[in-house]
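Data first, discussion second: the structure below is written as structure tokens.
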Amino acid sequence: MTHPTPTPPRGLHHITAIAGDPVENLRFYRDLLGLRLVKKSVNQDDPSTYHLFYADADGNPGTDITFFPWAHAKPGTPGVGVVSETLLTVPHGSLTYWTERLHAHGVRVDEQRTSFGEATLPFADPHGMRLALVEADAPFTFTAWDDGPVPAEHQIRALHGARVPVRDIAPSRAFLEGVMGFEHHAEEQGWHRFVLPGAQGAGAGHLLDVREAADERRGAWGVGSVHHLAWTVDDEPHQSALREAVAAAGRRPSEIIDRFWFQSVYFMEPGGVLFELATSGPGFAVDEEPAALGERLILPPWLEPHRAKIEAVLPDLSAATTPGSAA
Ligand code: ZN
């Protein structure tokens with residue numbers, strides 16, 4: 001039986017990574033990069049650890065980067081199957097502002113480059129995670145965070161994409177194109193840019209750059225590495241259709257998991273990168289008022305009876321500066 005090709009995902013939904021100390025993570029992503037902390041929760045498999053969600057003011061899909069801060073975990077190992085750079089979209093003409101802002105806060109910034117025609121500013125977060133700001137048109141709905149430390153005209157607009165080396169590009173390419181519905185956009189300096197339909201320009205918010213690195217060792221997750229890339233699906237029927245196609249390709253997807261703010265399916269693409277398919281709703285405002293997003297610790301119902309115990313062991317985040325004061 002042949003499976004009809006399902007509708008591809010709509011672009012990036014969120015990116016989840018592993019951080020070190022949560023206060024340092026909060027200072028960097030909220031107070032320096034100016035993203036809003038839209039959800040403060042716990043790792044559902046390890047409730048003694050936070051799960052911190054940063055996004056635009058409303059937590060729109062495609063703007064969200066999330067962290068498990070494991071202060072005592074080992075650093076990640078770069079290598080095949082592990083994302084080597086996470087790209088964030090900023091408005092055209094804002095890299096001068098960002099270079100000065102990062103310098104002023106002691107962040108070592110690498111030389112600006114042009115990748116696939118886009119001005120790109122690479123640097124690392126305090127835990128070694130490689131990031132780059134990319135000037136491009138905003139790919140998704142964006143709400144400026146008026147109380148944030150970065151002026152609205154320079155604020156990070158969205159997730160832009162990710163770069164990953166793989167040992168053998170052929171199976172990844174076959175999977176990305178044949179199952180996920182990516183299109184091969186271009187090749188530059190060994191990087192192949194794959195883009196989902198519906199993207200503008202060079203693929204902002206819809207792209208994955210893959211490079212074949214046959215001789216590199218397998219990378220390993222740890223502090224400073226991306227844990228997974230989540231792609232947006234419309235609803236459960238869309239998610240189920242893609243899940244079936246992933247299963248038919250032998251990639252053994254998880255069951256559909258209820259994450260409250262969205263529903264998720266996980267699987268590894270052939271190069272070793274963990275993917276998630278996440279529904280665009282119901283969204284982060286489902287259990288908090290939009291104005292108060294991220295202020296209190298949000299727990300799933302089965303952990304709520306243990307709130308006092310969980311709050312007692314979680315690190316105190318109040319050492320981070322309050323929004324606005326790092327401007
Ligand atoms: Zn996720």
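Here, A, B, ... name the chains of the structure tokens in the order displayed, residue numbers run from 1 inside each chain, and ligands are numbered from 1 in the same displayed order.
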
To check your reading of the model: which residues sit at most 12 Å from ligand 1 when counting only C-alpha atoms and all ligand atoms? Write the answer as a PyMOL selection string. chain A and resi 12-18+43-44+51-53+61-62+64-68+226-232+257-267+274-279

Output as a tab-separated table (two decimals) with N, CA, C and O atoms, in the first residue's frame all residues of range 47-248 of chain A that backbone DSSP marks as strand (DSSP E).
chain	number	residue	atom	x	y	z
A	47	PRO	N	11.31	16.56	37.43
A	47	PRO	CA	10.70	17.81	37.94
A	47	PRO	C	11.60	18.62	38.86
A	47	PRO	O	11.20	19.70	39.29
A	48	SER	N	12.81	18.15	39.16
A	48	SER	CA	13.73	18.98	39.95
A	48	SER	C	14.47	19.96	39.03
A	48	SER	O	15.29	20.74	39.49
A	49	THR	N	14.19	19.90	37.72
A	49	THR	CA	14.82	20.76	36.73
A	49	THR	C	13.78	21.64	36.07
A	49	THR	O	12.67	21.18	35.77
A	50	TYR	N	14.12	22.90	35.84
A	50	TYR	CA	13.22	23.78	35.13
A	50	TYR	C	13.07	23.37	33.67
A	50	TYR	O	13.94	22.70	33.09
A	51	HIS	N	11.98	23.84	33.07
A	51	HIS	CA	11.87	23.94	31.62
A	51	HIS	C	11.48	25.38	31.35
A	51	HIS	O	10.37	25.80	31.71
A	52	LEU	N	12.38	26.16	30.78
A	52	LEU	CA	12.17	27.59	30.55
A	52	LEU	C	11.89	27.83	29.08
A	52	LEU	O	12.65	27.35	28.22
A	53	PHE	N	10.83	28.59	28.79
A	53	PHE	CA	10.40	28.86	27.42
A	53	PHE	C	10.53	30.36	27.15
A	53	PHE	O	9.91	31.17	27.85
A	54	TYR	N	11.28	30.72	26.13
A	54	TYR	CA	11.43	32.12	25.73
A	54	TYR	C	10.82	32.30	24.34
A	54	TYR	O	10.98	31.43	23.48
A	55	ALA	N	10.18	33.46	24.13
A	55	ALA	CA	9.51	33.68	22.85
A	55	ALA	C	9.24	35.16	22.67
A	55	ALA	O	9.77	36.00	23.41
A	64	ASP	N	9.79	30.45	19.56
A	64	ASP	CA	10.01	29.91	20.89
A	64	ASP	C	11.28	29.05	20.96
A	64	ASP	O	11.43	28.09	20.22
A	65	ILE	N	12.18	29.42	21.90
A	65	ILE	CA	13.35	28.58	22.18
A	65	ILE	C	13.26	28.20	23.66
A	65	ILE	O	12.99	29.03	24.51
A	66	THR	N	13.41	26.91	23.95
A	66	THR	CA	13.20	26.43	25.31
A	66	THR	C	14.45	25.71	25.82
A	66	THR	O	15.24	25.20	25.02
A	67	PHE	N	14.61	25.70	27.15
A	67	PHE	CA	15.83	25.12	27.74
A	67	PHE	C	15.50	24.24	28.93
A	67	PHE	O	14.66	24.58	29.76
A	68	PHE	N	16.25	23.15	29.00
A	68	PHE	CA	16.38	22.38	30.24
A	68	PHE	C	17.70	22.80	30.87
A	68	PHE	O	18.77	22.44	30.35
A	69	PRO	N	17.70	23.59	31.94
A	69	PRO	CA	18.97	23.96	32.56
A	69	PRO	C	19.44	22.87	33.53
A	69	PRO	O	18.82	22.65	34.57
A	85	GLU	N	24.60	25.01	14.91
A	85	GLU	CA	24.29	26.44	15.02
A	85	GLU	C	22.78	26.61	14.94
A	85	GLU	O	22.13	26.02	14.08
A	86	THR	N	22.25	27.43	15.86
A	86	THR	CA	20.83	27.78	15.86
A	86	THR	C	20.69	29.20	15.35
A	86	THR	O	21.35	30.11	15.86
A	87	LEU	N	19.86	29.39	14.34
A	87	LEU	CA	19.73	30.69	13.67
A	87	LEU	C	18.45	31.38	14.13
A	87	LEU	O	17.39	30.76	14.20
A	88	LEU	N	18.57	32.68	14.45
A	88	LEU	CA	17.43	33.48	14.90
A	88	LEU	C	17.25	34.66	13.95
A	88	LEU	O	18.24	35.33	13.59
A	89	THR	N	16.01	34.95	13.56
A	89	THR	CA	15.74	36.04	12.61
A	89	THR	C	15.71	37.38	13.34
A	89	THR	O	15.04	37.53	14.36
A	90	VAL	N	16.44	38.36	12.79
A	90	VAL	CA	16.33	39.75	13.27
A	90	VAL	C	16.01	40.65	12.08
A	90	VAL	O	16.24	40.26	10.92
A	113	ARG	N	29.20	37.05	8.67
A	113	ARG	CA	29.35	36.36	7.38
A	113	ARG	C	28.06	36.51	6.58
A	113	ARG	O	27.04	36.97	7.10
A	114	THR	N	28.15	36.12	5.32
A	114	THR	CA	26.94	36.05	4.50
A	114	THR	C	26.71	34.59	4.15
A	114	THR	O	27.59	33.93	3.60
A	115	SER	N	25.55	34.07	4.53
A	115	SER	CA	25.20	32.69	4.21
A	115	SER	C	23.92	32.69	3.40
A	115	SER	O	22.91	33.26	3.84
A	118	GLU	N	22.32	35.95	3.18
A	118	GLU	CA	21.79	36.61	4.38
A	118	GLU	C	22.93	37.03	5.31
A	118	GLU	O	23.80	36.22	5.64
A	119	ALA	N	22.88	38.28	5.78
A	119	ALA	CA	23.85	38.76	6.75
A	119	ALA	C	23.65	38.03	8.07
A	119	ALA	O	22.54	37.98	8.60
A	120	THR	N	24.74	37.43	8.59
A	120	THR	CA	24.65	36.48	9.70
A	120	THR	C	25.72	36.81	10.73
A	120	THR	O	26.90	36.96	10.39
A	121	LEU	N	25.32	36.92	12.01
A	121	LEU	CA	26.24	37.26	13.09
A	121	LEU	C	26.33	36.10	14.08
A	121	LEU	O	25.42	35.86	14.86
A	122	PRO	N	27.46	35.35	14.05
A	122	PRO	CA	27.58	34.18	14.93
A	122	PRO	C	28.22	34.52	16.29
A	122	PRO	O	29.10	35.36	16.38
A	123	PHE	N	27.77	33.84	17.33
A	123	PHE	CA	28.32	33.98	18.68
A	123	PHE	C	27.86	32.77	19.50
A	123	PHE	O	27.17	31.90	18.97
A	124	ALA	N	28.27	32.73	20.76
A	124	ALA	CA	27.86	31.61	21.62
A	124	ALA	C	27.19	32.14	22.87
A	124	ALA	O	27.50	33.26	23.33
A	130	ARG	N	26.02	27.46	20.21
A	130	ARG	CA	26.31	28.32	19.07
A	130	ARG	C	25.01	28.89	18.50
A	130	ARG	O	24.07	28.15	18.17
A	131	LEU	N	24.97	30.21	18.41
A	131	LEU	CA	23.81	30.93	17.89
A	131	LEU	C	24.27	31.82	16.74
A	131	LEU	O	25.45	32.16	16.64
A	132	ALA	N	23.32	32.26	15.91
A	132	ALA	CA	23.62	33.30	14.93
A	132	ALA	C	22.35	34.11	14.70
A	132	ALA	O	21.26	33.54	14.61
A	133	LEU	N	22.52	35.43	14.64
A	133	LEU	CA	21.41	36.31	14.28
A	133	LEU	C	21.48	36.53	12.77
A	133	LEU	O	22.55	36.80	12.22
A	134	VAL	N	20.34	36.41	12.10
A	134	VAL	CA	20.29	36.47	10.64
A	134	VAL	C	19.28	37.55	10.24
A	134	VAL	O	18.12	37.51	10.67
A	135	GLU	N	19.73	38.51	9.43
A	135	GLU	CA	18.81	39.55	8.95
A	135	GLU	C	17.91	38.98	7.86
A	135	GLU	O	18.39	38.49	6.83
A	158	ALA	N	12.02	35.71	15.34
A	158	ALA	CA	11.58	34.32	15.17
A	158	ALA	C	12.78	33.39	15.18
A	158	ALA	O	13.93	33.83	15.09
A	159	LEU	N	12.50	32.11	15.25
A	159	LEU	CA	13.49	31.10	14.90
A	159	LEU	C	13.69	31.18	13.40
A	159	LEU	O	12.73	31.31	12.64
A	160	HIS	N	14.93	31.11	12.98
A	160	HIS	CA	15.24	31.22	11.55
A	160	HIS	C	15.49	29.83	10.96
A	160	HIS	O	15.02	29.52	9.87
A	161	GLY	N	16.26	29.00	11.67
A	161	GLY	CA	16.57	27.67	11.17
A	161	GLY	C	17.68	27.07	12.01
A	161	GLY	O	18.03	27.60	13.07
A	162	ALA	N	18.25	25.98	11.53
A	162	ALA	CA	19.33	25.32	12.25
A	162	ALA	C	20.27	24.68	11.24
A	162	ALA	O	19.87	24.38	10.11
A	163	ARG	N	21.54	24.49	11.67
A	163	ARG	CA	22.55	23.85	10.82
A	163	ARG	C	23.04	22.60	11.52
A	163	ARG	O	23.29	22.62	12.73
A	164	VAL	N	23.19	21.54	10.76
A	164	VAL	CA	23.64	20.28	11.37
A	164	VAL	C	24.51	19.49	10.40
A	164	VAL	O	24.18	19.37	9.23
A	165	PRO	N	25.66	18.99	10.89
A	165	PRO	CA	26.44	18.06	10.07
A	165	PRO	C	25.91	16.63	10.26
A	165	PRO	O	25.49	16.26	11.35
A	166	VAL	N	25.92	15.87	9.17
A	166	VAL	CA	25.53	14.46	9.24
A	166	VAL	C	26.61	13.62	8.56
A	166	VAL	O	27.36	14.13	7.73
A	183	GLU	N	12.10	21.12	0.33
A	183	GLU	CA	12.67	21.25	-1.00
A	183	GLU	C	14.13	21.66	-0.88
A	183	GLU	O	14.48	22.44	0.01
A	184	HIS	N	14.96	21.11	-1.78
A	184	HIS	CA	16.37	21.49	-1.79
A	184	HIS	C	16.48	22.88	-2.40
A	184	HIS	O	16.16	23.08	-3.56
A	185	HIS	N	16.93	23.84	-1.61
A	185	HIS	CA	16.92	25.24	-2.03
A	185	HIS	C	18.21	25.62	-2.73
A	185	HIS	O	18.19	26.23	-3.80
A	186	ALA	N	19.35	25.27	-2.16
A	186	ALA	CA	20.64	25.65	-2.74
A	186	ALA	C	21.75	24.94	-1.98
A	186	ALA	O	21.53	24.38	-0.90
A	187	GLU	N	22.96	24.98	-2.55
A	187	GLU	CA	24.14	24.46	-1.86
A	187	GLU	C	25.19	25.56	-1.84
A	187	GLU	O	25.38	26.28	-2.83
A	188	GLU	N	25.89	25.69	-0.71
A	188	GLU	CA	26.92	26.72	-0.57
A	188	GLU	C	27.97	26.22	0.42
A	188	GLU	O	27.64	25.91	1.57
A	191	TRP	N	27.24	23.26	2.52
A	191	TRP	CA	25.95	23.26	3.21
A	191	TRP	C	24.82	23.16	2.18
A	191	TRP	O	24.79	23.92	1.22
A	192	HIS	N	23.89	22.23	2.43
A	192	HIS	CA	22.69	22.10	1.60
A	192	HIS	C	21.53	22.70	2.37
A	192	HIS	O	21.26	22.28	3.50
A	193	ARG	N	20.88	23.68	1.78
A	193	ARG	CA	19.75	24.31	2.46
A	193	ARG	C	18.45	23.65	2.01
A	193	ARG	O	18.13	23.65	0.82
A	194	PHE	N	17.72	23.08	2.97
A	194	PHE	CA	16.41	22.48	2.72
A	194	PHE	C	15.34	23.40	3.31
A	194	PHE	O	15.49	23.85	4.45
A	195	VAL	N	14.28	23.64	2.54
A	195	VAL	CA	13.28	24.63	2.93
A	195	VAL	C	11.89	24.03	2.79
A	195	VAL	O	11.59	23.37	1.79
A	207	LEU	N	13.74	26.43	7.56
A	207	LEU	CA	14.90	25.84	6.91
A	207	LEU	C	15.77	24.99	7.84
A	207	LEU	O	15.79	25.17	9.05
A	208	LEU	N	16.44	24.07	7.19
A	208	LEU	CA	17.45	23.24	7.84
A	208	LEU	C	18.63	23.17	6.88
A	208	LEU	O	18.47	22.80	5.72
A	209	ASP	N	19.82	23.54	7.37
A	209	ASP	CA	21.04	23.43	6.57
A	209	ASP	C	21.76	22.15	7.00
A	209	ASP	O	21.99	21.95	8.20
A	210	VAL	N	22.10	21.32	6.04
A	210	VAL	CA	22.74	20.03	6.34
A	210	VAL	C	24.04	19.95	5.55
A	210	VAL	O	24.10	20.30	4.38
A	211	ARG	N	25.08	19.48	6.23
A	211	ARG	CA	26.39	19.33	5.59
A	211	ARG	C	26.88	17.92	5.83
A	211	ARG	O	26.76	17.39	6.94
A	212	GLU	N	27.41	17.28	4.77
A	212	GLU	CA	27.96	15.94	4.97
A	212	GLU	C	29.36	16.04	5.55
A	212	GLU	O	30.21	16.76	5.04
A	226	VAL	N	21.62	21.60	21.28
A	226	VAL	CA	20.19	21.53	20.93
A	226	VAL	C	19.73	20.10	21.17
A	226	VAL	O	20.40	19.14	20.79
A	227	HIS	N	18.58	19.97	21.83
A	227	HIS	CA	18.02	18.64	22.09
A	227	HIS	C	17.10	18.21	20.95
A	227	HIS	O	17.16	17.09	20.49
A	228	HIS	N	16.21	19.11	20.51
A	228	HIS	CA	15.38	18.75	19.35
A	228	HIS	C	14.87	19.98	18.62
A	228	HIS	O	14.86	21.08	19.16
A	229	LEU	N	14.46	19.74	17.39
A	229	LEU	CA	13.84	20.76	16.54
A	229	LEU	C	12.38	20.37	16.36
A	229	LEU	O	12.09	19.24	15.95
A	230	ALA	N	11.47	21.30	16.69
A	230	ALA	CA	10.04	21.01	16.55
A	230	ALA	C	9.47	21.80	15.37
A	230	ALA	O	9.74	22.98	15.21
A	231	TRP	N	8.69	21.10	14.57
A	231	TRP	CA	8.08	21.67	13.36
A	231	TRP	C	6.59	21.77	13.57
A	231	TRP	O	5.97	20.86	14.15
A	232	THR	N	5.97	22.84	13.06
A	232	THR	CA	4.55	23.11	13.31
A	232	THR	C	3.64	22.31	12.40
A	232	THR	O	3.82	22.31	11.17
A	233	VAL	N	2.65	21.64	13.00
A	233	VAL	CA	1.55	21.06	12.23
A	233	VAL	C	0.26	21.76	12.66
A	233	VAL	O	0.17	22.32	13.76

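Of the residues under consideration (A:Arg30, A:Gln200, A:Arg10, A:Ser41), A:Ser41 shows the shortest atom-to-atom contact distance to Glu311 in chain A when counting only C-alpha atoms.
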
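CA of Gly203 in chain A lies 27.8 Å from CA of Gly76 in chain A.
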
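Atom pair CA of Thr7 in chain A / CA of Ala174 in chain A has a distance of 16.4 Å (rounded to one decimal).
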
Among range 80-214 of chain A, which residues does DSSP mark as alpha helix (DSSP H) when it is run on the backbone? Keep the chain and numbering as in the structure and answer as a count of residues only. 20

For the atom pair CA of Pro139 in chain A and CA of Trp98 in chain A, what is the interatomic distance in Å to one decimal place? 19.7 Å
